[in-house]
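A short write-up of the structure that comes next.
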Amino acid sequence: MVIVARPERGALVEAARTTGELRAQGMRNQYLAINGVFRATDSADPLAAAFERRAASMLAAMPKELADIPRVEIALRPHNIVGL
């Protein structure tokens, strides 16, 4: 089961709740996809750096229920992702 969340507090809390419910149902094979992770291309840009720090702090404070699930981080794209 792939659980998808944004690097935002509310989304991560909901993902933790979901993973707990799935585990209670016996679904232990879970994978976490963090979608829309911002990476600054210009570290001198204070706004971009702040966005990157915010996402990093949310991931660092991720609920403990998600800590042991294998995960992948998907970068934020400047356009809609459609198709394969």
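Each chain of the structure tokens is named A, B, ... in the order shown, its residues numbered from 1; ligands are numbered from 1 in display order.
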
Report as a VMD selection string all protein, DNA and RNA residues lying within 10 Å of Ala15 (chain A), evaluated on only C-alpha atoms, omitting residues in the same chain fewer than 4 positions from it.
chain A and resid 3 to 6 9 to 11 19 to 21 32 62 to 63 65 to 66

With all heavy atoms retained, export the selected residues as a compact mmCIF listing (two decimals), in the first residue's frame.
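Full text of again-v3.txt as output:
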# COMPACT_ATOMS: atom_id res chain seq x y z
N ILE A 3 1.14 5.12 0.63
CA ILE A 3 0.50 6.25 1.28
C ILE A 3 1.20 7.51 0.77
O ILE A 3 2.43 7.60 0.82
CB ILE A 3 0.61 6.15 2.81
CG1 ILE A 3 -0.09 4.87 3.28
CG2 ILE A 3 0.05 7.38 3.50
CD1 ILE A 3 0.20 4.50 4.69
N VAL A 4 0.43 8.46 0.28
CA VAL A 4 0.99 9.68 -0.29
C VAL A 4 0.63 10.85 0.61
O VAL A 4 -0.51 11.00 1.04
CB VAL A 4 0.45 9.92 -1.72
CG1 VAL A 4 1.06 11.19 -2.32
CG2 VAL A 4 0.74 8.72 -2.61
N ALA A 5 1.62 11.70 0.88
CA ALA A 5 1.39 12.89 1.71
C ALA A 5 2.30 14.02 1.23
O ALA A 5 3.33 13.78 0.61
CB ALA A 5 1.67 12.59 3.17
N ARG A 6 1.91 15.22 1.51
CA ARG A 6 2.75 16.40 1.29
C ARG A 6 3.61 16.61 2.53
O ARG A 6 3.26 16.14 3.62
CB ARG A 6 1.88 17.64 1.08
CG ARG A 6 1.13 17.65 -0.21
CD ARG A 6 1.99 18.22 -1.26
NE ARG A 6 1.22 18.54 -2.45
CZ ARG A 6 1.72 19.23 -3.42
NH1 ARG A 6 2.94 19.70 -3.35
NH2 ARG A 6 1.01 19.48 -4.50
N ARG A 9 2.33 19.48 8.02
CA ARG A 9 1.95 18.85 9.29
C ARG A 9 0.63 18.08 9.19
O ARG A 9 0.54 16.92 9.57
CB ARG A 9 1.87 19.90 10.40
CG ARG A 9 1.58 19.29 11.75
CD ARG A 9 1.41 20.36 12.83
NE ARG A 9 1.19 19.79 14.14
CZ ARG A 9 0.09 19.15 14.53
NH1 ARG A 9 -0.90 18.98 13.70
NH2 ARG A 9 -0.02 18.67 15.75
N GLY A 10 -0.41 18.73 8.69
CA GLY A 10 -1.72 18.09 8.62
C GLY A 10 -1.71 16.83 7.76
O GLY A 10 -2.32 15.82 8.11
N ALA A 11 -1.04 16.90 6.63
CA ALA A 11 -0.97 15.75 5.73
C ALA A 11 -0.21 14.60 6.37
O ALA A 11 -0.59 13.42 6.23
CB ALA A 11 -0.32 16.15 4.42
N THR A 19 -1.86 4.99 8.33
CA THR A 19 -0.98 3.83 8.46
C THR A 19 -1.33 3.01 9.70
O THR A 19 -1.28 1.78 9.67
CB THR A 19 0.51 4.23 8.45
OG1 THR A 19 1.29 3.06 8.23
CG2 THR A 19 0.96 4.87 9.72
N GLY A 20 -1.74 3.67 10.77
CA GLY A 20 -2.17 2.96 11.97
C GLY A 20 -3.41 2.12 11.71
O GLY A 20 -3.50 0.97 12.16
N GLU A 21 -4.36 2.69 10.99
CA GLU A 21 -5.58 1.95 10.67
C GLU A 21 -5.27 0.76 9.75
O GLU A 21 -5.84 -0.32 9.92
CB GLU A 21 -6.60 2.87 10.01
CG GLU A 21 -7.21 3.86 10.98
CD GLU A 21 -8.26 4.76 10.33
OE1 GLU A 21 -8.57 4.58 9.14
OE2 GLU A 21 -8.76 5.65 11.04
N LEU A 32 5.73 4.96 1.90
CA LEU A 32 5.33 6.36 2.03
C LEU A 32 5.95 7.18 0.90
O LEU A 32 7.17 7.15 0.71
CB LEU A 32 5.76 6.90 3.39
CG LEU A 32 5.44 8.35 3.70
CD1 LEU A 32 3.92 8.58 3.71
CD2 LEU A 32 6.05 8.74 5.03
N MET A 62 8.24 14.45 11.62
CA MET A 62 7.25 13.50 11.13
C MET A 62 6.75 12.61 12.27
O MET A 62 7.55 12.20 13.12
CB MET A 62 7.89 12.63 10.04
CG MET A 62 6.96 11.67 9.37
SD MET A 62 7.82 10.67 8.13
CE MET A 62 8.47 11.91 7.05
N PRO A 63 5.47 12.31 12.32
CA PRO A 63 4.96 11.42 13.37
C PRO A 63 5.72 10.10 13.41
O PRO A 63 6.11 9.56 12.37
CB PRO A 63 3.50 11.20 12.97
CG PRO A 63 3.14 12.41 12.17
CD PRO A 63 4.39 12.77 11.43
N GLU A 65 4.84 7.17 13.84
CA GLU A 65 4.21 6.05 13.13
C GLU A 65 4.74 5.91 11.70
O GLU A 65 4.67 4.83 11.11
CB GLU A 65 2.69 6.21 13.07
CG GLU A 65 2.00 6.18 14.41
CD GLU A 65 1.95 7.54 15.10
OE1 GLU A 65 2.57 8.51 14.62
OE2 GLU A 65 1.28 7.62 16.14
N LEU A 66 5.27 7.00 11.16
CA LEU A 66 5.76 6.98 9.78
C LEU A 66 7.26 6.75 9.68
O LEU A 66 7.78 6.49 8.60
CB LEU A 66 5.41 8.31 9.10
CG LEU A 66 3.94 8.66 9.01
CD1 LEU A 66 3.77 10.06 8.43
CD2 LEU A 66 3.19 7.64 8.19

List every residue of chain A that DSSP, applied to the backbone of this structure, places in helix (DSSP H, G or I), and write the result as a PDB file with all heavy atoms, in the first residue's frame.
ATOM      1  N   ARG A   9       2.328  19.482   8.024  1.00  0.00           N
ATOM      2  CA  ARG A   9       1.945  18.852   9.286  1.00  0.00           C
ATOM      3  C   ARG A   9       0.627  18.082   9.191  1.00  0.00           C
ATOM      4  O   ARG A   9       0.539  16.920   9.566  1.00  0.00           O
ATOM      5  CB  ARG A   9       1.870  19.896  10.401  1.00  0.00           C
ATOM      6  CG  ARG A   9       1.582  19.291  11.754  1.00  0.00           C
ATOM      7  CD  ARG A   9       1.407  20.362  12.832  1.00  0.00           C
ATOM      8  NE  ARG A   9       1.194  19.789  14.136  1.00  0.00           N
ATOM      9  CZ  ARG A   9       0.090  19.151  14.532  1.00  0.00           C
ATOM     10  NH1 ARG A   9      -0.903  18.981  13.702  1.00  0.00           N
ATOM     11  NH2 ARG A   9      -0.021  18.671  15.747  1.00  0.00           N
ATOM     12  N   GLY A  10      -0.407  18.729   8.692  1.00  0.00           N
ATOM     13  CA  GLY A  10      -1.719  18.086   8.623  1.00  0.00           C
ATOM     14  C   GLY A  10      -1.710  16.834   7.759  1.00  0.00           C
ATOM     15  O   GLY A  10      -2.318  15.819   8.114  1.00  0.00           O
ATOM     16  N   ALA A  11      -1.038  16.901   6.630  1.00  0.00           N
ATOM     17  CA  ALA A  11      -0.973  15.745   5.727  1.00  0.00           C
ATOM     18  C   ALA A  11      -0.208  14.596   6.374  1.00  0.00           C
ATOM     19  O   ALA A  11      -0.591  13.424   6.232  1.00  0.00           O
ATOM     20  CB  ALA A  11      -0.316  16.147   4.416  1.00  0.00           C
ATOM     21  N   LEU A  12       0.861  14.908   7.096  1.00  0.00           N
ATOM     22  CA  LEU A  12       1.647  13.858   7.746  1.00  0.00           C
ATOM     23  C   LEU A  12       0.894  13.241   8.919  1.00  0.00           C
ATOM     24  O   LEU A  12       0.971  12.028   9.146  1.00  0.00           O
ATOM     25  CB  LEU A  12       3.005  14.407   8.184  1.00  0.00           C
ATOM     26  CG  LEU A  12       3.934  14.786   7.021  1.00  0.00           C
ATOM     27  CD1 LEU A  12       5.141  15.555   7.536  1.00  0.00           C
ATOM     28  CD2 LEU A  12       4.351  13.567   6.229  1.00  0.00           C
ATOM     29  N   VAL A  13       0.148  14.042   9.640  1.00  0.00           N
ATOM     30  CA  VAL A  13      -0.670  13.513  10.737  1.00  0.00           C
ATOM     31  C   VAL A  13      -1.737  12.573  10.176  1.00  0.00           C
ATOM     32  O   VAL A  13      -1.980  11.493  10.725  1.00  0.00           O
ATOM     33  CB  VAL A  13      -1.301  14.667  11.557  1.00  0.00           C
ATOM     34  CG1 VAL A  13      -2.396  14.163  12.478  1.00  0.00           C
ATOM     35  CG2 VAL A  13      -0.223  15.400  12.342  1.00  0.00           C
ATOM     36  N   GLU A  14      -2.360  12.966   9.086  1.00  0.00           N
ATOM     37  CA  GLU A  14      -3.371  12.111   8.451  1.00  0.00           C
ATOM     38  C   GLU A  14      -2.744  10.826   7.924  1.00  0.00           C
ATOM     39  O   GLU A  14      -3.332   9.743   8.049  1.00  0.00           O
ATOM     40  CB  GLU A  14      -4.073  12.868   7.319  1.00  0.00           C
ATOM     41  CG  GLU A  14      -5.141  12.070   6.624  1.00  0.00           C
ATOM     42  CD  GLU A  14      -6.306  11.673   7.514  1.00  0.00           C
ATOM     43  OE1 GLU A  14      -6.503  12.282   8.576  1.00  0.00           O
ATOM     44  OE2 GLU A  14      -7.018  10.721   7.152  1.00  0.00           O
ATOM     45  N   ALA A  15      -1.557  10.916   7.340  1.00  0.00           N
ATOM     46  CA  ALA A  15      -0.864   9.717   6.853  1.00  0.00           C
ATOM     47  C   ALA A  15      -0.544   8.779   8.015  1.00  0.00           C
ATOM     48  O   ALA A  15      -0.666   7.555   7.890  1.00  0.00           O
ATOM     49  CB  ALA A  15       0.410  10.105   6.109  1.00  0.00           C
ATOM     50  N   ALA A  16      -0.151   9.335   9.157  1.00  0.00           N
ATOM     51  CA  ALA A  16       0.140   8.511  10.341  1.00  0.00           C
ATOM     52  C   ALA A  16      -1.123   7.807  10.828  1.00  0.00           C
ATOM     53  O   ALA A  16      -1.093   6.627  11.188  1.00  0.00           O
ATOM     54  CB  ALA A  16       0.737   9.377  11.446  1.00  0.00           C
ATOM     55  N   ARG A  17      -2.234   8.519  10.829  1.00  0.00           N
ATOM     56  CA  ARG A  17      -3.503   7.911  11.236  1.00  0.00           C
ATOM     57  C   ARG A  17      -3.861   6.776  10.284  1.00  0.00           C
ATOM     58  O   ARG A  17      -4.251   5.678  10.696  1.00  0.00           O
ATOM     59  CB  ARG A  17      -4.614   8.956  11.250  1.00  0.00           C
ATOM     60  CG  ARG A  17      -5.958   8.405  11.766  1.00  0.00           C
ATOM     61  CD  ARG A  17      -7.097   9.383  11.512  1.00  0.00           C
ATOM     62  NE  ARG A  17      -7.336   9.606  10.109  1.00  0.00           N
ATOM     63  CZ  ARG A  17      -7.979   8.752   9.295  1.00  0.00           C
ATOM     64  NH1 ARG A  17      -8.424   7.593   9.752  1.00  0.00           N
ATOM     65  NH2 ARG A  17      -8.163   9.039   8.024  1.00  0.00           N
ATOM     66  N   THR A  18      -3.700   7.030   8.996  1.00  0.00           N
ATOM     67  CA  THR A  18      -4.026   6.025   7.984  1.00  0.00           C
ATOM     68  C   THR A  18      -3.155   4.789   8.135  1.00  0.00           C
ATOM     69  O   THR A  18      -3.650   3.659   8.082  1.00  0.00           O
ATOM     70  CB  THR A  18      -3.865   6.623   6.570  1.00  0.00           C
ATOM     71  OG1 THR A  18      -4.751   7.734   6.446  1.00  0.00           O
ATOM     72  CG2 THR A  18      -4.165   5.597   5.499  1.00  0.00           C
ATOM     73  N   THR A  19      -1.860   4.993   8.330  1.00  0.00           N
ATOM     74  CA  THR A  19      -0.977   3.831   8.461  1.00  0.00           C
ATOM     75  C   THR A  19      -1.330   3.013   9.698  1.00  0.00           C
ATOM     76  O   THR A  19      -1.275   1.783   9.674  1.00  0.00           O
ATOM     77  CB  THR A  19       0.506   4.233   8.447  1.00  0.00           C
ATOM     78  OG1 THR A  19       1.290   3.060   8.229  1.00  0.00           O
ATOM     79  CG2 THR A  19       0.963   4.874   9.719  1.00  0.00           C
ATOM     80  N   GLY A  20      -1.735   3.675  10.770  1.00  0.00           N
ATOM     81  CA  GLY A  20      -2.165   2.956  11.969  1.00  0.00           C
ATOM     82  C   GLY A  20      -3.410   2.116  11.710  1.00  0.00           C
ATOM     83  O   GLY A  20      -3.500   0.971  12.156  1.00  0.00           O
ATOM     84  N   GLU A  21      -4.359   2.691  10.994  1.00  0.00           N
ATOM     85  CA  GLU A  21      -5.583   1.948  10.666  1.00  0.00           C
ATOM     86  C   GLU A  21      -5.274   0.763   9.755  1.00  0.00           C
ATOM     87  O   GLU A  21      -5.837  -0.321   9.916  1.00  0.00           O
ATOM     88  CB  GLU A  21      -6.603   2.873  10.006  1.00  0.00           C
ATOM     89  CG  GLU A  21      -7.215   3.859  10.976  1.00  0.00           C
ATOM     90  CD  GLU A  21      -8.256   4.759  10.334  1.00  0.00           C
ATOM     91  OE1 GLU A  21      -8.575   4.580   9.136  1.00  0.00           O
ATOM     92  OE2 GLU A  21      -8.758   5.651  11.041  1.00  0.00           O
ATOM     93  N   LEU A  22      -4.381   0.961   8.801  1.00  0.00           N
ATOM     94  CA  LEU A  22      -4.006  -0.137   7.906  1.00  0.00           C
ATOM     95  C   LEU A  22      -3.285  -1.253   8.666  1.00  0.00           C
ATOM     96  O   LEU A  22      -3.533  -2.434   8.429  1.00  0.00           O
ATOM     97  CB  LEU A  22      -3.137   0.379   6.759  1.00  0.00           C
ATOM     98  CG  LEU A  22      -3.853   1.259   5.736  1.00  0.00           C
ATOM     99  CD1 LEU A  22      -2.854   1.884   4.779  1.00  0.00           C
ATOM    100  CD2 LEU A  22      -4.902   0.469   4.977  1.00  0.00           C
ATOM    101  N   ARG A  23      -2.408  -0.881   9.571  1.00  0.00           N
ATOM    102  CA  ARG A  23      -1.713  -1.889  10.384  1.00  0.00           C
ATOM    103  C   ARG A  23      -2.707  -2.668  11.238  1.00  0.00           C
ATOM    104  O   ARG A  23      -2.570  -3.879  11.402  1.00  0.00           O
ATOM    105  CB  ARG A  23      -0.658  -1.231  11.265  1.00  0.00           C
ATOM    106  CG  ARG A  23       0.579  -0.839  10.499  1.00  0.00           C
ATOM    107  CD  ARG A  23       1.613  -0.203  11.390  1.00  0.00           C
ATOM    108  NE  ARG A  23       2.799   0.140  10.617  1.00  0.00           N
ATOM    109  CZ  ARG A  23       3.693   1.010  10.994  1.00  0.00           C
ATOM    110  NH1 ARG A  23       3.568   1.635  12.161  1.00  0.00           N
ATOM    111  NH2 ARG A  23       4.740   1.270  10.240  1.00  0.00           N
ATOM    112  N   ALA A  24      -3.697  -1.980  11.767  1.00  0.00           N
ATOM    113  CA  ALA A  24      -4.719  -2.652  12.575  1.00  0.00           C
ATOM    114  C   ALA A  24      -5.513  -3.656  11.740  1.00  0.00           C
ATOM    115  O   ALA A  24      -6.025  -4.638  12.280  1.00  0.00           O
ATOM    116  CB  ALA A  24      -5.662  -1.622  13.200  1.00  0.00           C
ATOM    117  N   PRO A  46      16.139  34.158  -0.185  1.00  0.00           N
ATOM    118  CA  PRO A  46      15.638  33.935   1.174  1.00  0.00           C
ATOM    119  C   PRO A  46      14.261  33.264   1.221  1.00  0.00           C
ATOM    120  O   PRO A  46      13.998  32.462   2.110  1.00  0.00           O
ATOM    121  CB  PRO A  46      15.597  35.332   1.798  1.00  0.00           C
ATOM    122  CG  PRO A  46      15.657  36.289   0.663  1.00  0.00           C
ATOM    123  CD  PRO A  46      16.319  35.583  -0.472  1.00  0.00           C
ATOM    124  N   LEU A  47      13.403  33.568   0.269  1.00  0.00           N
ATOM    125  CA  LEU A  47      12.080  32.953   0.253  1.00  0.00           C
ATOM    126  C   LEU A  47      12.189  31.457  -0.085  1.00  0.00           C
ATOM    127  O   LEU A  47      11.581  30.615   0.583  1.00  0.00           O
ATOM    128  CB  LEU A  47      11.163  33.657  -0.747  1.00  0.00           C
ATOM    129  CG  LEU A  47       9.717  33.160  -0.789  1.00  0.00           C
ATOM    130  CD1 LEU A  47       9.053  33.293   0.577  1.00  0.00           C
ATOM    131  CD2 LEU A  47       8.935  33.925  -1.844  1.00  0.00           C
ATOM    132  N   ALA A  48      12.975  31.144  -1.092  1.00  0.00           N
ATOM    133  CA  ALA A  48      13.164  29.738  -1.472  1.00  0.00           C
ATOM    134  C   ALA A  48      13.808  28.958  -0.326  1.00  0.00           C
ATOM    135  O   ALA A  48      13.401  27.833  -0.025  1.00  0.00           O
ATOM    136  CB  ALA A  48      14.023  29.643  -2.732  1.00  0.00           C
ATOM    137  N   ALA A  49      14.797  29.561   0.320  1.00  0.00           N
ATOM    138  CA  ALA A  49      15.464  28.894   1.445  1.00  0.00           C
ATOM    139  C   ALA A  49      14.472  28.654   2.588  1.00  0.00           C
ATOM    140  O   ALA A  49      14.503  27.603   3.238  1.00  0.00           O
ATOM    141  CB  ALA A  49      16.651  29.721   1.923  1.00  0.00           C
ATOM    142  N   ALA A  50      13.576  29.608   2.830  1.00  0.00           N
ATOM    143  CA  ALA A  50      12.584  29.453   3.893  1.00  0.00           C
ATOM    144  C   ALA A  50      11.605  28.325   3.568  1.00  0.00           C
ATOM    145  O   ALA A  50      11.251  27.532   4.447  1.00  0.00           O
ATOM    146  CB  ALA A  50      11.830  30.770   4.096  1.00  0.00           C
ATOM    147  N   PHE A  51      11.173  28.230   2.303  1.00  0.00           N
ATOM    148  CA  PHE A  51      10.284  27.139   1.898  1.00  0.00           C
ATOM    149  C   PHE A  51      10.969  25.785   2.084  1.00  0.00           C
ATOM    150  O   PHE A  51      10.360  24.827   2.558  1.00  0.00           O
ATOM    151  CB  PHE A  51       9.857  27.288   0.435  1.00  0.00           C
ATOM    152  CG  PHE A  51       8.607  28.102   0.251  1.00  0.00           C
ATOM    153  CD1 PHE A  51       8.683  29.393  -0.236  1.00  0.00           C
ATOM    154  CD2 PHE A  51       7.370  27.571   0.554  1.00  0.00           C
ATOM    155  CE1 PHE A  51       7.542  30.145  -0.416  1.00  0.00           C
ATOM    156  CE2 PHE A  51       6.214  28.321   0.375  1.00  0.00           C
ATOM    157  CZ  PHE A  51       6.301  29.614  -0.106  1.00  0.00           C
ATOM    158  N   GLU A  52      12.242  25.711   1.708  1.00  0.00           N
ATOM    159  CA  GLU A  52      12.978  24.456   1.855  1.00  0.00           C
ATOM    160  C   GLU A  52      13.135  24.084   3.331  1.00  0.00           C
ATOM    161  O   GLU A  52      12.933  22.931   3.710  1.00  0.00           O
ATOM    162  CB  GLU A  52      14.347  24.562   1.180  1.00  0.00           C
ATOM    163  CG  GLU A  52      15.094  23.261   1.196  1.00  0.00           C
ATOM    164  CD  GLU A  52      16.374  23.299   0.382  1.00  0.00           C
ATOM    165  OE1 GLU A  52      16.780  24.379  -0.095  1.00  0.00           O
ATOM    166  OE2 GLU A  52      16.977  22.220   0.218  1.00  0.00           O
ATOM    167  N   ARG A  53      13.470  25.059   4.172  1.00  0.00           N
ATOM    168  CA  ARG A  53      13.604  24.807   5.619  1.00  0.00           C
ATOM    169  C   ARG A  53      12.281  24.349   6.228  1.00  0.00           C
ATOM    170  O   ARG A  53      12.255  23.459   7.075  1.00  0.00           O
ATOM    171  CB  ARG A  53      14.089  26.059   6.345  1.00  0.00           C
ATOM    172  CG  ARG A  53      15.559  26.289   6.281  1.00  0.00           C
ATOM    173  CD  ARG A  53      16.019  27.358   7.266  1.00  0.00           C
ATOM    174  NE  ARG A  53      15.240  28.593   7.191  1.00  0.00           N
ATOM    175  CZ  ARG A  53      15.492  29.595   6.355  1.00  0.00           C
ATOM    176  NH1 ARG A  53      16.488  29.523   5.508  1.00  0.00           N
ATOM    177  NH2 ARG A  53      14.746  30.678   6.371  1.00  0.00           N
ATOM    178  N   ARG A  54      11.187  24.941   5.793  1.00  0.00           N
ATOM    179  CA  ARG A  54       9.875  24.574   6.329  1.00  0.00           C
ATOM    180  C   ARG A  54       9.562  23.110   6.023  1.00  0.00           C
ATOM    181  O   ARG A  54       9.134  22.361   6.905  1.00  0.00           O
ATOM    182  CB  ARG A  54       8.797  25.470   5.745  1.00  0.00           C
ATOM    183  CG  ARG A  54       7.423  25.166   6.282  1.00  0.00           C
ATOM    184  CD  ARG A  54       6.413  26.198   5.779  1.00  0.00           C
ATOM    185  NE  ARG A  54       5.111  25.883   6.299  1.00  0.00           N
ATOM    186  CZ  ARG A  54       4.160  25.283   5.582  1.00  0.00           C
ATOM    187  NH1 ARG A  54       4.365  24.960   4.335  1.00  0.00           N
ATOM    188  NH2 ARG A  54       3.003  25.021   6.126  1.00  0.00           N
ATOM    189  N   ALA A  55       9.776  22.700   4.785  1.00  0.00           N
ATOM    190  CA  ALA A  55       9.522  21.301   4.423  1.00  0.00           C
ATOM    191  C   ALA A  55      10.447  20.366   5.197  1.00  0.00           C
ATOM    192  O   ALA A  55      10.014  19.329   5.704  1.00  0.00           O
ATOM    193  CB  ALA A  55       9.698  21.096   2.918  1.00  0.00           C
ATOM    194  N   ALA A  56      11.715  20.747   5.314  1.00  0.00           N
ATOM    195  CA  ALA A  56      12.667  19.911   6.050  1.00  0.00           C
ATOM    196  C   ALA A  56      12.273  19.780   7.512  1.00  0.00           C
ATOM    197  O   ALA A  56      12.379  18.691   8.099  1.00  0.00           O
ATOM    198  CB  ALA A  56      14.081  20.499   5.930  1.00  0.00           C
ATOM    199  N   SER A  57      11.779  20.862   8.109  1.00  0.00           N
ATOM    200  CA  SER A  57      11.377  20.791   9.519  1.00  0.00           C
ATOM    201  C   SER A  57      10.134  19.915   9.699  1.00  0.00           C
ATOM    202  O   SER A  57      10.012  19.192  10.688  1.00  0.00           O
ATOM    203  CB  SER A  57      11.146  22.185  10.096  1.00  0.00           C
ATOM    204  OG  SER A  57       9.976  22.770   9.574  1.00  0.00           O
ATOM    205  N   MET A  58       9.219  19.952   8.730  1.00  0.00           N
ATOM    206  CA  MET A  58       8.030  19.097   8.803  1.00  0.00           C
ATOM    207  C   MET A  58       8.433  17.628   8.708  1.00  0.00           C
ATOM    208  O   MET A  58       7.903  16.783   9.433  1.00  0.00           O
ATOM    209  CB  MET A  58       7.048  19.425   7.675  1.00  0.00           C
ATOM    210  CG  MET A  58       6.359  20.766   7.796  1.00  0.00           C
ATOM    211  SD  MET A  58       5.277  20.864   9.223  1.00  0.00           S
ATOM    212  CE  MET A  58       6.148  22.078  10.186  1.00  0.00           C
ATOM    213  N   LEU A  59       9.376  17.314   7.823  1.00  0.00           N
ATOM    214  CA  LEU A  59       9.824  15.935   7.671  1.00  0.00           C
ATOM    215  C   LEU A  59      10.616  15.476   8.894  1.00  0.00           C
ATOM    216  O   LEU A  59      10.519  14.327   9.309  1.00  0.00           O
ATOM    217  CB  LEU A  59      10.644  15.775   6.391  1.00  0.00           C
ATOM    218  CG  LEU A  59       9.854  15.980   5.101  1.00  0.00           C
ATOM    219  CD1 LEU A  59      10.771  15.919   3.891  1.00  0.00           C
ATOM    220  CD2 LEU A  59       8.727  14.971   4.977  1.00  0.00           C
ATOM    221  N   ALA A  60      11.380  16.378   9.488  1.00  0.00           N
ATOM    222  CA  ALA A  60      12.135  16.035  10.692  1.00  0.00           C
ATOM    223  C   ALA A  60      11.205  15.766  11.875  1.00  0.00           C
ATOM    224  O   ALA A  60      11.531  14.961  12.754  1.00  0.00           O
ATOM    225  CB  ALA A  60      13.116  17.155  11.037  1.00  0.00           C
ATOM    226  N   LYS A  64       5.915   9.599  14.617  1.00  0.00           N
ATOM    227  CA  LYS A  64       6.717   8.381  14.807  1.00  0.00           C
ATOM    228  C   LYS A  64       6.140   7.175  14.079  1.00  0.00           C
ATOM    229  O   LYS A  64       6.880   6.283  13.698  1.00  0.00           O
ATOM    230  CB  LYS A  64       6.911   8.087  16.279  1.00  0.00           C
ATOM    231  CG  LYS A  64       5.643   7.783  17.050  1.00  0.00           C
ATOM    232  CD  LYS A  64       5.953   7.482  18.507  1.00  0.00           C
ATOM    233  CE  LYS A  64       4.769   7.369  19.389  1.00  0.00           C
ATOM    234  NZ  LYS A  64       3.710   6.505  19.065  1.00  0.00           N
ATOM    235  N   GLU A  65       4.844   7.165  13.840  1.00  0.00           N
ATOM    236  CA  GLU A  65       4.213   6.046  13.128  1.00  0.00           C
ATOM    237  C   GLU A  65       4.740   5.910  11.700  1.00  0.00           C
ATOM    238  O   GLU A  65       4.668   4.833  11.107  1.00  0.00           O
ATOM    239  CB  GLU A  65       2.687   6.214  13.072  1.00  0.00           C
ATOM    240  CG  GLU A  65       2.002   6.181  14.410  1.00  0.00           C
ATOM    241  CD  GLU A  65       1.954   7.541  15.101  1.00  0.00           C
ATOM    242  OE1 GLU A  65       2.568   8.510  14.619  1.00  0.00           O
ATOM    243  OE2 GLU A  65       1.282   7.620  16.139  1.00  0.00           O
ATOM    244  N   LEU A  66       5.268   6.996  11.155  1.00  0.00           N
ATOM    245  CA  LEU A  66       5.758   6.984   9.780  1.00  0.00           C
ATOM    246  C   LEU A  66       7.265   6.748   9.682  1.00  0.00           C
ATOM    247  O   LEU A  66       7.780   6.488   8.597  1.00  0.00           O
ATOM    248  CB  LEU A  66       5.414   8.311   9.095  1.00  0.00           C
ATOM    249  CG  LEU A  66       3.937   8.658   9.008  1.00  0.00           C
ATOM    250  CD1 LEU A  66       3.770  10.056   8.429  1.00  0.00           C
ATOM    251  CD2 LEU A  66       3.191   7.643   8.191  1.00  0.00           C
ATOM    252  N   ALA A  67       7.945   6.832  10.805  1.00  0.00           N
ATOM    253  CA  ALA A  67       9.413   6.794  10.791  1.00  0.00           C
ATOM    254  C   ALA A  67       9.992   5.496  10.250  1.00  0.00           C
ATOM    255  O   ALA A  67      11.046   5.506   9.610  1.00  0.00           O
ATOM    256  CB  ALA A  67       9.950   7.061  12.194  1.00  0.00           C
TER     257      ALA A  67
END

Pick out each residue of chain A that DSSP on the backbone tags as strand (DSSP E or B); I need them as a VMD selection string.
chain A and resid 2 to 5 31 to 37 71 to 75

Who sits within 6 Å of region 72-75 of chain A, only C-alpha atoms, same chain under 5 positions skipped, as JSON, numbers by chain:
{"A": [33, 34, 35, 36, 37, 38]}

Could you turn the residues from that selection into a file that holds C-alpha atoms, as a PDB file, in the first residue's frame?
ATOM      1  CA  ALA A  33       5.592   8.821  -0.869  1.00  0.00           C
ATOM      2  CA  ILE A  34       6.220  12.410   0.173  1.00  0.00           C
ATOM      3  CA  ASN A  35       4.973  14.452  -2.769  1.00  0.00           C
ATOM      4  CA  GLY A  36       5.882  18.062  -3.538  1.00  0.00           C
ATOM      5  CA  VAL A  37       9.143  18.434  -1.597  1.00  0.00           C
ATOM      6  CA  PHE A  38      10.614  21.855  -2.392  1.00  0.00           C
TER       7      PHE A  38
END
